[in-house]
Amino acid sequence: MSSAELIKNGKAVIGIEFGSTRIKAVLIGEDHAPLAAGIHDWQNELLDGVWTYSLDNVKKGLQECFADLMKNVEKNYGVKLERAAGMGISAMMHGYLAFDENDQQLVPFRTWRNTMTEEAADKLTEVFSFNIPQRWSIAHLYQAVLNKEPHIGRLAFMTTLAGYVHYLLTGEKTIGAGDASGIFPIAPQTCDYDKGMLAKFDELAAGTELRVKLAELLPRIVPAGECAGKLTEEGARLLDPTGTFGAGVPFCPPEGDAQTGMAATNSITPKTGNVSAGTSIFSMIVLEKNLSEVHREIDIVTTPCGAPVAMVHCNSCTSDLDAWFGMFGGLLKEFGMELPKGKLYDTLYSLAAEGSPDCDGIVSYNYYAGEPVTGIKDGRPLLMRSPDSEFSIRNLARSLVYSCVASLKAGMDILTEQEHVKLDRIYAHGGFFKTPFPSQNFLAAALGSDVTLMKTAGEGGAWGIALLAAYMVGRSSGESLEDYLNSRVFAGMEGTTVVPAKEDTDGINAYMKKYISGLSAVRAAVSE
């Protein structure tokens with residue numbers, strides 16, 4: 001069957017992911033290779049001190065992204081995209097989307113980027129004996145309870161961004177296990193919300209304006225591989241106002257971007273992991289056993305199948321690097337030497353590779369938002385250097401690239417040095433690796449591990465959620481997601497692996513000593 005026939009007969013599968021700066025839709029064939037894509041760029045906004053996206057922009061972005069996919073399908077294959085075998089929705093994990101009994105939004109969407117829930121996160125961690133980060137949905141809810149926010153008495157439902165879009169399209173208030181694990185802790189034995197912790201939360205909230213049990217507020221968890229709803233007529237019109245794309249398409253459970261990254265890199269088995277790097281950066285390491293103690297820097301989430309995963313999540317990655325590189329490009333433009341963005345980045349990355357391994361004392365802090373991993377409460381990008389540092393473009397560029405992985409390294413060192421977690425392989429994906437050299441090499445040096453970029457690394461989470469939808473559609477009876485990915489998707493797939501270079505490893509370790517000691521200056525800047 002040709003690709004055009006496959007699409008016309010509704011045999012292709014669609015994945016849509018809401019990233020922090022881009023919404024992307026991917027159409028894949030029966031061999032799981034991408035056939036077409038659609039994109040829509042967007043940005044969060046800081047509204048009254050809260051990082052947010054409006055729900056109007058969520059709907060607009062969904063429509064424009066899907067319209068772009070439909071346009072590209074017709075352009076490339078000469079057929080209209082009218083149906084599909086399956087679909088899936090993914091988005092940034094965590095945050096707080098709150099609704100009343102009439103599905104009216106109660107407060108603006110509070111995204112993962114906000115660091116306003118320290119009191120709640122600390123208290124819940126103490127009560128649960130389980131790390132609850134500030135960005136988790138339950139931390140946002142409990143902080144709202146502690147703050148006695150007026151909306152709490154009207155709260156009837158809360159979910160994530162992926163869960164919300166899934167509800168718009170299917171009418172089902174469901175969620176995948178992985179995305180759910182960033183809402184509230186999951187019990188591995190049941191692959192459901194931890195009942196003991198649910199009861200403890202209800203005890204904490206007793207006597208407050210929150211008048212319903214927590215379990216009644218949360219979306220229902222649907223296991224990976226099962227159908228979590230079908231595209232309704234109303235959902236189809238929202239997705240495609242032209243009426244071309246029809247209702248009835250089955251949806252897999254909505255998932256978080258961390259889990260789609262795991263699927264897209266085939267890192268869902270113990271001792272495997274992946275690093276996703278873009279606006280934020282995080283690692284996902286599948287554990288063989290539970291950690292020996294609670295670490296506030298390490299989140300425990302799950303794979304799409306509910307297996308425990310150690311997650312080091314850092315709020316800032318490429319934003320400061322992008323700002324500096326943009327300034328360099330702007331300077332060149334003033335001299336009449338405008339470079340295409342790709343050429344500009346390739347050139348500056350090449351210069352970074354030539355810099356001193358320790359950046360000669362130049363240290364960059366890329367904090368556009370608070371960073372719980374290193375104890376920074378608010379965004380404050382900062383550059384420091386010694387008076388005798390060689391302040392060259394090469395050393396500065398290398399420091400800016402190092403800064404993208406520095407906070408991640410601080411958290412990962414806890415896993416590898418204190419918890420003695422072993423790694424067989426690390427896969428990398430995300431916009432940070434569009435120029436693989438030296439970003440891939442510096443990450444390998446930071447983690448002390450081989451790092452592989454798969455041929456499909458650039459496809460990202462939209463491809464990952466499409467794979468989860470394809471698993472729902474095409475799995476054999478009893479076939480695990482691990483087996484499906486190994487045998488049907490990644491068998492024989494090409495990738496490029498780099499080994500940590502001793503010079504780079506020694507350099508970034510020296511850089512990190514100055515980085516950690518200089519954090520007190522960042523804290524002082526934040527406190528002003």
# chains A, B, ... in the order shown; residues from 1 in each chain; ligands from 1
>>> select_by_dssp(residues="range 59-102 of chain A", states="strand (DSSP E)", output="list in words")
Gly86, Met87, Gly88, Ile89, Ser90, Ala91, Leu97, Ala98 and Phe99 of chain A
>>> closest_residue(among="A:Lys71, A:Arg488, A:His429, A:Arg380", to="Gly474 in chain A", atoms="only C-alpha atoms")
A:Arg488
>>> select_by_dssp(residues="range 6-248 of chain A", states="helix (DSSP H, G or I)", output="number ranges by chain")
A: 6-8, 55-77, 118-128, 137-146, 150-154, 161-170, 177-180, 195-205, 214-217, 233-239
>>> residues_around(residues="range 228-244 of chain A", least_positions_apart="3", cutoff="9 Å", atoms="only C-alpha atoms", output="PyMOL selection string")
chain A and resi 59+62-64+66-67+80-83+86-87+166-176+221-223+247-254
